[in-house]
Structures are given as C-alpha cells and as structure tokens.
$ cat target37.csv   # CSV, C-alpha atoms
chain,number,residue,atom,x,y,z
T,1070,MET,CA,101.1,103.3,79.1
T,1071,ASP,CA,98.5,101.2,77.5
T,1072,LYS,CA,97.4,98.3,79.7
T,1073,SER,CA,96.9,96.2,76.6
T,1074,GLU,CA,100.7,96.1,76.2
T,1075,TYR,CA,101.1,94.2,79.4
T,1076,GLN,CA,101.7,90.4,79.2
T,1077,VAL,CA,100.5,87.8,81.7
T,1078,ILE,CA,103.4,86.1,83.3
T,1079,ASP,CA,104.5,84.7,86.7
T,1080,CYS,CA,106.0,87.1,89.3
T,1081,LEU,CA,109.8,86.8,88.9
T,1082,ILE,CA,110.1,86.7,92.7
T,1083,TRP,CA,107.2,84.5,93.8
T,1084,GLY,CA,106.0,82.7,90.7
T,1085,THR,CA,102.5,83.9,91.3
T,1086,PRO,CA,100.2,85.6,88.7
T,1087,ALA,CA,101.5,88.9,87.5
T,1088,THR,CA,101.8,91.1,84.4
T,1089,SER,CA,104.9,92.3,82.6
T,1090,LEU,CA,106.0,94.9,80.1
T,1091,PRO,CA,109.4,94.2,78.5
T,1092,VAL,CA,112.0,97.0,78.5
T,1093,PHE,CA,113.1,97.2,74.9
T,1094,GLY,CA,116.9,97.3,74.2
T,1095,CYS,CA,117.9,95.6,77.4
T,1096,ASP,CA,117.3,92.3,79.4
T,1097,ALA,CA,115.3,94.0,82.1
T,1098,LYS,CA,111.6,93.7,82.8
T,1099,THR,CA,108.9,95.7,84.5
T,1100,ILE,CA,106.6,93.6,86.7
T,1101,ASP,CA,103.2,94.4,88.4
T,1102,SER,CA,102.8,91.7,91.1
T,1103,SER,CA,100.3,91.8,94.0
T,1104,ARG,CA,102.4,89.2,95.8
T,1105,ALA,CA,105.4,91.6,95.6
T,1106,GLY,CA,103.2,94.4,96.8
T,1107,GLY,CA,103.0,96.2,93.4
T,1108,LYS,CA,105.3,97.2,90.6
T,1109,TYR,CA,109.0,96.7,90.3
T,1110,TYR,CA,111.8,96.8,87.7
T,1111,ILE,CA,114.3,93.9,87.6
T,1112,SER,CA,117.5,93.4,85.7
T,1113,GLY,CA,118.3,90.1,83.9
T,1114,THR,CA,121.2,89.4,86.2
T,1115,ALA,CA,119.0,89.9,89.3
T,1116,GLU,CA,116.3,87.6,87.8
T,1117,SER,CA,118.8,84.8,87.3
T,1118,MET,CA,119.9,85.2,91.0
T,1119,LEU,CA,116.3,84.5,92.1
T,1120,ILE,CA,116.1,81.1,90.5
T,1121,ASP,CA,117.3,79.3,93.7
T,1122,ALA,CA,116.1,81.9,96.2
T,1123,ASP,CA,114.3,80.6,99.2
T,1124,ASP,CA,111.1,82.1,100.6
T,1125,ALA,CA,112.9,83.9,103.4
T,1126,LEU,CA,115.0,85.8,100.9
T,1127,LYS,CA,111.9,86.5,98.8
T,1128,SER,CA,110.1,87.8,101.8
T,1129,ARG,CA,112.9,90.2,102.8
T,1130,LEU,CA,113.2,91.4,99.2
T,1131,THR,CA,109.5,92.0,99.1
T,1132,THR,CA,109.8,94.1,102.3
T,1133,TRP,CA,112.5,96.1,100.7
T,1134,LEU,CA,110.2,96.8,97.7
T,1135,ILE,CA,107.4,97.9,100.1
T,1136,GLU,CA,109.8,100.3,101.8
T,1137,GLN,CA,110.9,101.8,98.5
T,1138,ARG,CA,107.3,102.5,97.5
T,1139,GLU,CA,106.5,104.1,100.8
T,1140,ARG,CA,109.4,106.5,100.1
T,1141,GLY,CA,107.9,107.5,96.8
T,1142,SER,CA,109.6,105.1,94.3
T,1143,ASN,CA,106.7,103.8,92.2
T,1144,PHE,CA,109.0,101.4,90.3
T,1145,PRO,CA,111.7,100.2,92.7
T,1146,GLU,CA,114.7,98.7,90.8
T,1147,ILE,CA,115.9,95.3,91.7
T,1148,GLN,CA,119.6,94.9,90.7
T,1149,SER,CA,122.1,92.2,91.6
T,1150,ILE,CA,123.3,94.2,94.5
T,1151,THR,CA,119.7,94.4,95.8
T,1152,ILE,CA,119.6,90.6,96.0
T,1153,GLU,CA,123.0,90.4,97.7
T,1154,ASP,CA,122.0,93.0,100.3
T,1155,SER,CA,118.6,91.2,100.9
T,1156,LYS,CA,120.6,88.0,101.7
T,1157,HIS,CA,122.2,89.8,104.7
T,1158,ARG,CA,119.1,91.8,105.7
T,1159,LYS,CA,117.5,90.8,109.0
T,1160,ASP,CA,114.0,89.3,109.0
T,1161,SER,CA,111.4,91.8,110.2
T,1162,SER,CA,110.3,91.5,113.8
T,1163,ILE,CA,106.8,90.3,114.6
T,1164,PHE,CA,106.0,93.9,115.7
T,1165,ASP,CA,107.1,95.4,112.4
T,1166,ARG,CA,105.1,92.7,110.5
T,1167,VAL,CA,101.8,93.5,112.3
T,1168,ILE,CA,102.4,97.2,111.9
T,1169,GLY,CA,102.9,96.5,108.2
T,1170,ILE,CA,99.4,94.9,108.1
T,1171,LEU,CA,97.9,97.9,110.0
T,1172,LYS,CA,99.5,100.4,107.6
T,1173,TYR,CA,98.1,98.5,104.6
T,1174,LEU,CA,94.6,98.1,106.1
T,1175,VAL,CA,94.4,101.8,107.0
T,1176,ARG,CA,95.5,102.8,103.6
T,1177,ARG,CA,92.7,100.7,102.1
T,1178,SER,CA,90.1,102.0,104.6
T,1179,THR,CA,88.5,104.8,102.6
T,1180,THR,CA,86.0,105.4,105.5
T,1181,LEU,CA,85.9,104.5,109.1
T,1182,GLY,CA,84.4,101.0,109.7
T,1183,VAL,CA,85.0,99.7,106.2
T,1184,SER,CA,85.7,96.0,105.9
T,1185,ILE,CA,88.7,94.9,103.8
T,1186,ILE,CA,87.8,91.6,102.1
T,1187,TYR,CA,90.4,88.9,101.1
T,1188,GLU,CA,90.4,85.3,100.1
T,1189,LEU,CA,92.5,83.1,102.4
T,1190,GLU,CA,94.0,80.6,100.1
T,1191,ASP,CA,97.2,78.7,99.5
T,1192,PRO,CA,99.2,81.2,97.3
T,1193,LYS,CA,100.5,78.3,95.1
T,1194,LEU,CA,97.0,77.4,94.1
T,1195,ILE,CA,95.9,80.9,92.9
T,1196,GLN,CA,95.7,81.3,89.1
T,1197,HIS,CA,95.3,84.2,86.7
T,1198,PRO,CA,93.1,86.2,86.4
T,1199,LEU,CA,93.2,87.3,90.1
T,1200,THR,CA,90.0,88.4,91.8
T,1201,VAL,CA,90.0,91.6,93.9
T,1202,GLU,CA,89.9,89.4,97.1
T,1203,GLN,CA,92.9,87.3,95.9
T,1204,ARG,CA,94.9,90.5,95.1
T,1205,THR,CA,94.2,91.8,98.6
T,1206,PHE,CA,95.3,88.5,100.1
T,1207,PHE,CA,98.6,88.7,98.2
T,1208,GLU,CA,99.1,92.3,99.2
T,1209,LEU,CA,98.5,91.4,102.9
T,1210,LEU,CA,101.2,88.7,102.6
T,1211,ALA,CA,103.6,91.2,101.0
T,1212,HIS,CA,103.1,93.9,103.6
T,1213,SER,CA,103.5,91.5,106.5
T,1214,GLU,CA,106.6,89.6,105.2
T,1215,CYS,CA,104.5,86.4,105.4
T,1216,LYS,CA,105.4,83.3,103.4
T,1217,THR,CA,102.1,81.4,104.0
T,1218,SER,CA,98.4,82.0,104.8
T,1219,GLY,CA,99.0,80.3,108.2
T,1220,GLU,CA,101.5,83.0,109.1
T,1221,LEU,CA,99.1,85.8,108.0
T,1222,THR,CA,96.3,84.2,110.1
T,1223,PHE,CA,98.5,84.2,113.2
T,1224,LEU,CA,99.3,87.9,112.8
T,1225,LEU,CA,95.7,88.8,112.2
T,1226,GLU,CA,94.7,86.9,115.3
T,1227,TYR,CA,97.3,88.9,117.2
T,1228,LEU,CA,95.9,92.2,115.9
T,1229,GLU,CA,92.4,91.1,116.8
T,1230,SER,CA,93.4,89.9,120.3
T,1231,ASN,CA,94.9,93.3,121.0
T,1232,GLY,CA,91.8,95.2,119.9
T,1233,LEU,CA,93.3,96.7,116.7
T,1234,ILE,CA,91.1,95.0,114.2
T,1235,VAL,CA,87.8,93.0,114.1
T,1236,ARG,CA,87.8,89.9,111.8
T,1237,HIS,CA,84.7,88.5,110.0
T,1238,GLY,CA,84.0,85.2,108.4
T,1239,ILE,CA,86.8,83.4,110.2
T,1240,ASN,CA,85.6,79.9,109.3
T,1241,SER,CA,85.2,80.6,105.6
T,1242,LEU,CA,87.6,81.0,102.7
T,1243,VAL,CA,86.6,84.6,102.0
T,1244,GLN,CA,87.2,86.7,105.1
T,1245,SER,CA,87.4,90.4,106.0
T,1246,CYS,CA,88.7,92.6,108.7
T,1247,THR,CA,88.0,96.1,110.0
T,1248,VAL,CA,90.5,98.5,111.7
T,1249,THR,CA,89.2,99.7,115.0
T,1250,VAL,CA,89.6,103.1,116.5
T,1251,ASP,CA,92.4,101.7,118.7
T,1252,GLY,CA,94.0,100.4,115.5
T,1253,PHE,CA,94.1,103.8,113.9
T,1254,ARG,CA,95.4,105.4,117.0
T,1255,ARG,CA,98.2,102.7,117.5
T,1256,LEU,CA,99.4,103.2,113.9
T,1257,ALA,CA,99.4,107.0,114.3
T,1258,ASP,CA,101.5,106.7,117.4
T,1259,GLU,CA,103.9,104.3,115.7
T,1260,LEU,CA,104.3,106.4,112.6
T,1261,GLU,CA,105.0,109.5,114.8
T,1262,ASN,CA,108.0,107.7,116.4
T,1263,SER,CA,109.2,106.0,113.2
T,1264,TYR,CA,112.6,106.9,111.8
T,1265,ILE,CA,111.9,105.3,108.4
T,1266,GLU,CA,111.4,108.7,106.7
T,1267,SER,CA,114.4,110.3,108.3
T,1268,PRO,CA,116.5,112.4,105.8
T,1269,ARG,CA,119.7,111.8,107.9
T,1270,ALA,CA,122.6,109.5,107.2
T,1271,PHE,CA,125.2,108.8,109.9
T,1272,VAL,CA,128.8,108.6,108.7
T,1273,ALA,CA,131.2,106.4,110.8
T,1274,MET,CA,134.8,106.6,109.5
T,1275,TRP,CA,138.4,107.5,110.5
T,1276,PHE,CA,138.6,111.2,111.0
T,1277,ASP,CA,142.2,111.7,110.0
T,1278,SER,CA,143.6,114.4,107.7
T,1279,THR,CA,144.7,111.7,105.3
T,1280,MET,CA,141.0,110.9,104.8
T,1281,ASP,CA,139.8,114.5,104.2
T,1282,ASN,CA,139.2,114.0,100.5
T,1283,ALA,CA,137.4,110.7,101.1
T,1284,ARG,CA,135.3,112.4,103.9
T,1285,GLU,CA,134.2,115.1,101.5
T,1286,CYS,CA,133.3,112.6,98.8
T,1287,VAL,CA,131.2,110.6,101.3
T,1288,LYS,CA,129.3,113.7,102.3
T,1289,SER,CA,128.8,114.6,98.6
T,1290,ALA,CA,127.5,111.1,97.9
T,1291,VAL,CA,124.9,111.3,100.7
T,1292,GLU,CA,123.8,114.7,99.5
T,1293,LEU,CA,123.5,113.7,95.9
T,1294,ALA,CA,121.3,110.8,97.0
T,1295,GLY,CA,119.0,113.3,98.7
T,1296,PHE,CA,120.0,112.8,102.4
T,1297,THR,CA,121.8,114.9,105.0
T,1298,PRO,CA,125.2,113.5,106.2
T,1299,ILE,CA,125.8,113.5,109.9
T,1300,LEU,CA,129.4,113.4,111.1
T,1301,ILE,CA,129.7,113.6,114.8
T,1302,ASP,CA,132.8,115.8,114.9
T,1303,GLU,CA,130.9,118.5,112.9
T,1304,LYS,CA,127.9,118.6,115.2
T,1305,GLU,CA,127.6,121.1,118.1
T,1306,HIS,CA,126.5,119.4,121.3
T,1307,ILE,CA,127.0,119.5,125.1
T,1308,ASN,CA,126.4,115.8,125.8
T,1309,ARG,CA,128.9,113.0,126.3
T,1310,ILE,CA,130.2,112.1,122.8
T,1311,ASP,CA,129.1,108.4,123.1
T,1312,ASP,CA,125.6,109.5,124.1
T,1313,GLU,CA,125.4,111.9,121.2
T,1314,ILE,CA,126.5,109.2,118.8
T,1315,ILE,CA,123.8,106.8,120.0
T,1316,SER,CA,121.2,109.5,119.8
T,1317,GLU,CA,122.2,110.5,116.2
T,1318,ILE,CA,122.3,106.9,114.9
T,1319,LYS,CA,118.8,106.3,116.3
T,1320,ARG,CA,117.5,109.3,114.3
T,1321,CYS,CA,119.1,108.3,111.0
T,1322,ARG,CA,117.7,106.4,108.0
T,1323,PHE,CA,120.9,104.5,107.4
T,1324,LEU,CA,124.6,104.4,108.4
T,1325,ILE,CA,127.8,104.5,106.3
T,1326,ALA,CA,130.7,102.6,107.9
T,1327,ASP,CA,134.1,103.0,106.3
T,1328,PHE,CA,136.7,100.6,107.9
T,1329,THR,CA,139.8,102.2,106.4
T,1330,HIS,CA,142.4,102.9,109.2
T,1331,GLY,CA,146.0,103.8,109.7
T,1332,SER,CA,149.0,102.2,111.5
T,1333,ASP,CA,147.3,102.6,114.9
T,1334,GLY,CA,144.9,99.8,114.1
T,1335,VAL,CA,141.2,99.2,113.4
T,1336,ARG,CA,138.7,101.9,114.3
T,1337,GLY,CA,136.8,100.3,117.2
T,1338,GLY,CA,134.3,103.1,117.1
T,1339,VAL,CA,133.3,102.3,113.5
T,1340,TYR,CA,132.7,98.7,114.3
T,1341,TYR,CA,130.7,99.6,117.4
T,1342,GLU,CA,128.5,102.2,115.5
T,1343,ALA,CA,127.9,99.7,112.6
T,1344,GLY,CA,126.9,97.0,115.1
T,1345,PHE,CA,124.6,99.3,117.1
T,1346,ALA,CA,122.8,100.4,113.9
T,1347,HIS,CA,122.4,96.7,112.8
T,1348,GLY,CA,120.9,95.9,116.2
T,1349,LEU,CA,118.3,98.6,115.6
T,1350,GLY,CA,117.5,97.3,112.2
T,1351,ILE,CA,119.0,100.4,110.5
T,1352,PRO,CA,120.6,99.6,107.2
T,1353,VAL,CA,124.4,99.8,107.1
T,1354,ILE,CA,126.5,100.4,104.0
T,1355,PHE,CA,130.0,99.0,104.5
T,1356,THR,CA,133.0,100.5,102.7
T,1357,CYS,CA,136.8,100.1,102.8
T,1358,ARG,CA,139.8,101.3,100.9
T,1359,ARG,CA,141.0,98.4,98.7
T,1360,ASP,CA,144.5,98.2,100.3
T,1361,GLU,CA,142.9,97.7,103.7
T,1362,VAL,CA,140.6,94.8,102.7
T,1363,SER,CA,142.8,92.1,104.3
T,1364,LYS,CA,142.6,93.9,107.6
T,1365,LEU,CA,138.8,93.7,107.9
T,1366,HIS,CA,137.6,91.8,110.9
T,1367,PHE,CA,136.1,88.4,110.0
T,1368,ASP,CA,132.8,89.3,111.7
T,1369,THR,CA,132.1,92.0,109.0
T,1370,ARG,CA,133.8,90.4,106.0
T,1371,GLN,CA,130.5,88.5,105.3
T,1372,TYR,CA,128.8,91.7,104.4
T,1373,ASN,CA,128.9,93.2,101.0
T,1374,HIS,CA,131.4,96.0,101.1
T,1375,LEU,CA,132.2,98.8,98.6
T,1376,PHE,CA,135.9,98.7,97.9
T,1377,TRP,CA,137.5,101.9,96.6
T,1378,GLU,CA,140.9,103.1,95.5
T,1379,ASN,CA,140.3,106.9,95.3
T,1380,PRO,CA,137.7,109.2,96.9
T,1381,GLU,CA,135.9,109.9,93.6
T,1382,GLU,CA,135.3,106.2,93.1
T,1383,LEU,CA,134.0,105.9,96.7
T,1384,ARG,CA,131.5,108.8,96.0
T,1385,ASP,CA,130.2,107.3,92.8
T,1386,GLN,CA,129.8,103.8,94.3
T,1387,LEU,CA,128.0,105.2,97.3
T,1388,VAL,CA,125.5,107.2,95.3
T,1389,ASN,CA,124.6,104.1,93.4
T,1390,ARG,CA,124.4,101.9,96.5
T,1391,ILE,CA,122.3,104.4,98.5
T,1392,THR,CA,119.7,105.0,95.7
T,1393,ALA,CA,119.5,101.3,94.9
T,1394,VAL,CA,119.2,99.9,98.5
T,1395,ILE,CA,117.8,102.8,100.5
T,1396,GLY,CA,116.0,104.8,97.8
T,1397,ASP,CA,116.1,108.4,96.9
T,1398,GLY,CA,116.2,110.8,99.8
T,1399,PRO,CA,113.7,113.6,100.3
T,1400,ALA,CA,116.1,116.3,99.1
T,1401,ASN,CA,117.2,114.3,96.1
T,1402,SER,CA,119.3,116.4,93.7
T,1403,ILE,CA,120.0,113.7,91.1
T,1404,HIS,CA,116.6,113.8,89.3

$ encode --input "target37.csv" --output "structure tokens"
Amino acid sequence: MDKSEYQVIDCLIWGTPATSLPVFGCDAKTIDSSRAGGKYYISGTAESMLIDADDALKSRLTTWLIEQRERGSNFPEIQSITIEDSKHRKDSSIFDRVIGILKYLVRRSTTLGVSIIYELEDPKLIQHPLTVEQRTFFELLAHSECKTSGELTFLLEYLESNGLIVRHGINSLVQSCTVTVDGFRRLADELENSYIESPRAFVAMWFDSTMDNARECVKSAVELAGFTPILIDEKEHINRIDDEIISEIKRCRFLIADFTHGSDGVRGGVYYEAGFAHGLGIPVIFTCRRDEVSKLHFDTRQYNHLFWENPEELRDQLVNRITAVIGDGPANSIH
C-alpha cells in the first residue's frame, strides 16, 4: 500500500493526529494512530458510537486493540459490538498497566541498555506531524491504559522505584528510560505465567440431553475461531470437580457462559463460573436461548448477551463474537 494514499486526520478514538485510508465501497475506515497503539479498522456505526465516549471507555478500547495486535491481528476490527463490550470491560489493574509499559519498552529495546526517548506533553496539545518522541509518548499511553501524562509519570516512577527501569531527564520535557536487567527478568517471569496466549476456551452450560445440539454447535464455534473448547464433563481427571473447574478456568483465554436452563431452575454453576472468570479478568461471552431471556438474573442482564433460537444460530453468532472480541485463535481454521 502506497503511503502517499494515506490522509492526515484525527484518530477516531482519541482525536489525536493520525492517518487514514478510506475503505472504498463501505463506510469503514482504516486508521494508523500512535495514541491507539497502531493500526485499526473501524466501521461507520462504531465510529458514531465513539462521539460521546469518555476517556475511560477509550482507554479500555485501546487496551483491547493492543491485545489483538499481540495475538497477531495487524488490523483489529472495531465494530459496534466491540464498543458495547468495552463498556463492560474492567479497567486494567495497576500491575497490568506497568507490565504493559515493560512489554512495550522491551520490544523497543534493540540492545541491552538502550534508552527509549519520549516527549512528555499534554496529549491534546500535540499536532501533526508527530516527532518520533511524540509517537513514543502516545504509544506509552496506549500500552499502559493511561489517560494523561500524569498517570504515565506515576507508573514510570513505580517502575523505577522497583528497580525495573532507570529514568533520565526527569525535569525536562524530553525524557527517556532504560529497562534494567531486573526489568527484563521480571517481564520474562510474568510472560511465562500469563494466560493471555492460551488456546483454550472454557464452556459453562446446562449439560442436558436436550442441549446436545447446542453443545456441539458451541464446540464447533470455538474450534472455527481457532481455540480448543474445554467442557468439564468431557475431561478425564481425579480431582474434586470444583477444583478442576477452577483450575481449567484459570488456564483459559476466555469463557462462554450459556444461561439456558430447564424446569429445575437456573444453573448456579454457570453463574459461579462466569463470576469467577470475571474476577480473574478473563473475558466472558454471555449467551442464552431466546425463550429463557426473561429468566436471566438481574446481575447479569446488564451484560451484552447473544440470544439464539436454534443451535446453528448460536454457532454463527459465537464465531463472530469470538473473533471480534477475543481475536483469532492459534489454530484458526477460518482463514
């Protein structure tokens, strides 16, 4: 793609300097924005939903874009469902935000001891064309879910106080930082224990014979999206069932929770497993057969559910939701 075809515009998420290439034949755009961490594709509907978005939503959406790129999607697609899911996404913890900075700095460190230079400025004052230092500053904001330069400074101070980076030029506008040996080691330890690249998806649903077709369609959807479905009643184990469930959820990239149930009442296990995953920050995809919608507990109604009438519809909706929100799995068989 010829760079000359790009047009200078504002980032459709942050309003900061970016470039765009229109997608002919539709209302979508491709954007390259340092403030959003790189390139993304956005539909016209999603763009209109961002008009009144606050900085908290924009930050969570940016974190989602970062995650998609880390999983190999060079042009993550922002659709209306992406915006809706970002509204319910939890803010990243302080720990995850400082790890985000470390990951970015290590990736930029071509050699040990190299200094990464950035210009610490009010994001709203930066104009096009961006300098290298300004792009780095925007990318640091993106990778740390920061809204302001003050937040970024706080996190950098934390990293330095823990011996993970060394900062230079603290009292000047143009600053830099260097990752220490302890910083490299800390990141390596963290990545080794991270579940983010897990190819597994936990399925929580009613295991009744009346749901056999739906069950197979859920498994098919997970596999089509490139992940491995984990259903606890299909797994061989010698542990207590609740211990095994907890262990499997911790190892999964995301969880599918279907709240369809029979005359015996709600499936308490499904609610528990969805809540446990949420507590760990693991994404949960909520589904329910349409005739059971009125029976959903009020605590979960606030989340964006996929409502289905037949198993094939459930499968198709799940494939779209997984690839849009989670991204393509490592064994993707769609493309």

$ atom_distance --input "target37.csv" --atom1 "CA of Lys1159 (chain T)" --atom2 "CA of Thr1222 (chain T)"
22.2 Å

$ residues_near_point --input "target37.csv" --point "(101.9, 85.7, 97.9)" --cutoff "8 Å" --atoms "all atoms listed in the file" --output "list of chain:residue names"
T:Trp1083, T:Thr1085, T:Ser1103, T:Arg1104, T:Ala1105, T:Pro1192, T:Phe1206, T:Phe1207, T:Glu1208, T:Leu1210, T:Ala1211, T:Cys1215, T:Lys1216, T:Thr1217

$ residues_near_point --input "target37.csv" --point "(119.8, 109.9, 107.8)" --cutoff "9 Å" --atoms "all atoms listed in the file" --output "PyMOL selection string"
chain T and resi 1264+1266-1271+1291+1296-1299+1317-1318+1320-1324+1398

$ atom_distance --input "target37.csv" --atom1 "CA of Arg1166 (chain T)" --atom2 "CA of Leu1189 (chain T)"
17.8 Å

$ atom_distance --input "target37.csv" --atom1 "CA of Ile1147 (chain T)" --atom2 "CA of Ile1111 (chain T)"
4.6 Å

$ residues_around --input "target37.csv" --residues "region 1231-1244 of chain T" --least-positions-apart "6" --cutoff "9 Å" --atoms "all atoms listed in the file" --output "list in words"
Leu1171, Ser1184, Ile1185, Ile1186, Tyr1187, Glu1188, Leu1189, Glu1190, Glu1202, Leu1225, Val1250, Asp1251, Gly1252, Phe1253, Arg1254 and Arg1255 of chain T

$ closest_atom_pairs --input "target37.csv" --of "region 1181-1260 of chain T" --to "region 1087-1091 of chain T" --cutoff "9 Å" --atoms "all atoms listed in the file" --output "JSON lines"
{"residue": "T:His1197", "atom": "CA", "partner": "T:Ala1087", "partner_atom": "CA", "distance": 7.8}
{"residue": "T:Pro1198", "atom": "CA", "partner": "T:Ala1087", "partner_atom": "CA", "distance": 8.9}
{"residue": "T:Leu1199", "atom": "CA", "partner": "T:Ala1087", "partner_atom": "CA", "distance": 8.8}

$ axis_aligned_box --input "target37.csv" --around "region 1187-1205 of chain T" --padding-each-side "6 Å" --output "JSON"
{"center_x": 95.2, "center_y": 84.6, "center_z": 94.4, "size_x": 22.6, "size_y": 26.4, "size_z": 28.0}

$ closest_residue --input "target37.csv" --among "T:Lys1098, T:Lys1172, T:His1212, T:Lys1193" --to "Leu1130 (chain T)" --atoms "all atoms listed in the file"
T:His1212

$ residues_around --input "target37.csv" --residues "Tyr1372 (chain T)" --least-positions-apart "5" --cutoff "12 Å" --atoms "all atoms listed in the file" --output "list of chain:residue names"
T:Ile1150, T:Glu1153, T:Asp1154, T:Ser1155, T:Lys1156, T:His1157, T:Arg1158, T:Ala1326, T:Ala1343, T:His1347, T:Pro1352, T:Val1353, T:Ile1354, T:Phe1355, T:Thr1356, T:Cys1357, T:Leu1365, T:His1366, T:Phe1367

$ build_atoms --input "target37.csv" --residues "region 1137-1164 of chain T" --atoms "N, CA and C atoms" --output "compact mmCIF listing (two decimals), in the coordinates of the input"
# COMPACT_ATOMS: atom_id res chain seq x y z
N GLN T 1137 110.57 100.90 99.60
CA GLN T 1137 110.90 101.80 98.50
C GLN T 1137 109.66 102.56 98.03
N ARG T 1138 108.56 101.84 97.91
CA ARG T 1138 107.30 102.50 97.50
C ARG T 1138 106.81 103.48 98.49
N GLU T 1139 106.97 103.15 99.77
CA GLU T 1139 106.50 104.10 100.80
C GLU T 1139 107.34 105.38 100.79
N ARG T 1140 108.55 105.30 100.23
CA ARG T 1140 109.40 106.50 100.10
C ARG T 1140 109.21 107.22 98.80
N GLY T 1141 108.24 106.78 98.00
CA GLY T 1141 107.90 107.50 96.80
C GLY T 1141 108.42 106.92 95.48
N SER T 1142 109.08 105.75 95.53
CA SER T 1142 109.60 105.10 94.30
C SER T 1142 108.48 104.19 93.77
N ASN T 1143 107.79 104.61 92.72
CA ASN T 1143 106.70 103.80 92.20
C ASN T 1143 107.17 102.53 91.50
N PHE T 1144 108.39 102.55 90.98
CA PHE T 1144 109.00 101.40 90.30
C PHE T 1144 110.35 101.11 90.89
N PRO T 1145 110.43 100.52 92.08
CA PRO T 1145 111.70 100.20 92.70
C PRO T 1145 112.54 99.30 91.73
N GLU T 1146 113.83 99.51 91.66
CA GLU T 1146 114.70 98.70 90.80
C GLU T 1146 115.42 97.64 91.54
N ILE T 1147 115.20 96.41 91.13
CA ILE T 1147 115.90 95.30 91.70
C ILE T 1147 117.13 94.97 90.85
N GLN T 1148 118.31 95.18 91.41
CA GLN T 1148 119.60 94.90 90.70
C GLN T 1148 120.26 93.73 91.47
N SER T 1149 121.35 93.25 90.93
CA SER T 1149 122.10 92.20 91.60
C SER T 1149 122.49 92.55 92.99
N ILE T 1150 122.89 93.80 93.18
CA ILE T 1150 123.30 94.20 94.50
C ILE T 1150 122.14 94.23 95.48
N THR T 1151 120.93 94.46 94.98
CA THR T 1151 119.70 94.40 95.80
C THR T 1151 119.54 93.00 96.38
N ILE T 1152 119.74 92.01 95.52
CA ILE T 1152 119.60 90.60 96.00
C ILE T 1152 120.67 90.29 97.00
N GLU T 1153 121.90 90.71 96.75
CA GLU T 1153 123.00 90.40 97.70
C GLU T 1153 122.70 91.06 99.05
N ASP T 1154 122.23 92.30 99.05
CA ASP T 1154 122.00 93.00 100.30
C ASP T 1154 120.76 92.33 101.03
N SER T 1155 119.79 91.84 100.28
CA SER T 1155 118.60 91.20 100.90
C SER T 1155 119.04 89.88 101.59
N LYS T 1156 120.12 89.24 101.10
CA LYS T 1156 120.60 88.00 101.70
C LYS T 1156 121.08 88.29 103.16
N HIS T 1157 121.60 89.49 103.39
CA HIS T 1157 122.20 89.80 104.70
C HIS T 1157 121.18 90.68 105.54
N ARG T 1158 120.05 91.02 104.97
CA ARG T 1158 119.10 91.80 105.70
C ARG T 1158 118.41 90.97 106.79
N LYS T 1159 118.16 91.56 107.93
CA LYS T 1159 117.50 90.80 109.00
C LYS T 1159 116.03 90.64 108.69
N ASP T 1160 115.47 89.52 109.14
CA ASP T 1160 114.00 89.30 109.00
C ASP T 1160 113.32 90.39 109.88
N SER T 1161 112.18 90.83 109.41
CA SER T 1161 111.40 91.80 110.20
C SER T 1161 110.92 91.19 111.48
N SER T 1162 110.84 92.00 112.52
CA SER T 1162 110.30 91.50 113.80
C SER T 1162 108.79 91.31 113.67
N ILE T 1163 108.24 90.54 114.60
CA ILE T 1163 106.80 90.30 114.60
C ILE T 1163 106.07 91.68 114.74
N PHE T 1164 106.62 92.56 115.56
CA PHE T 1164 106.00 93.90 115.70
C PHE T 1164 105.96 94.64 114.41
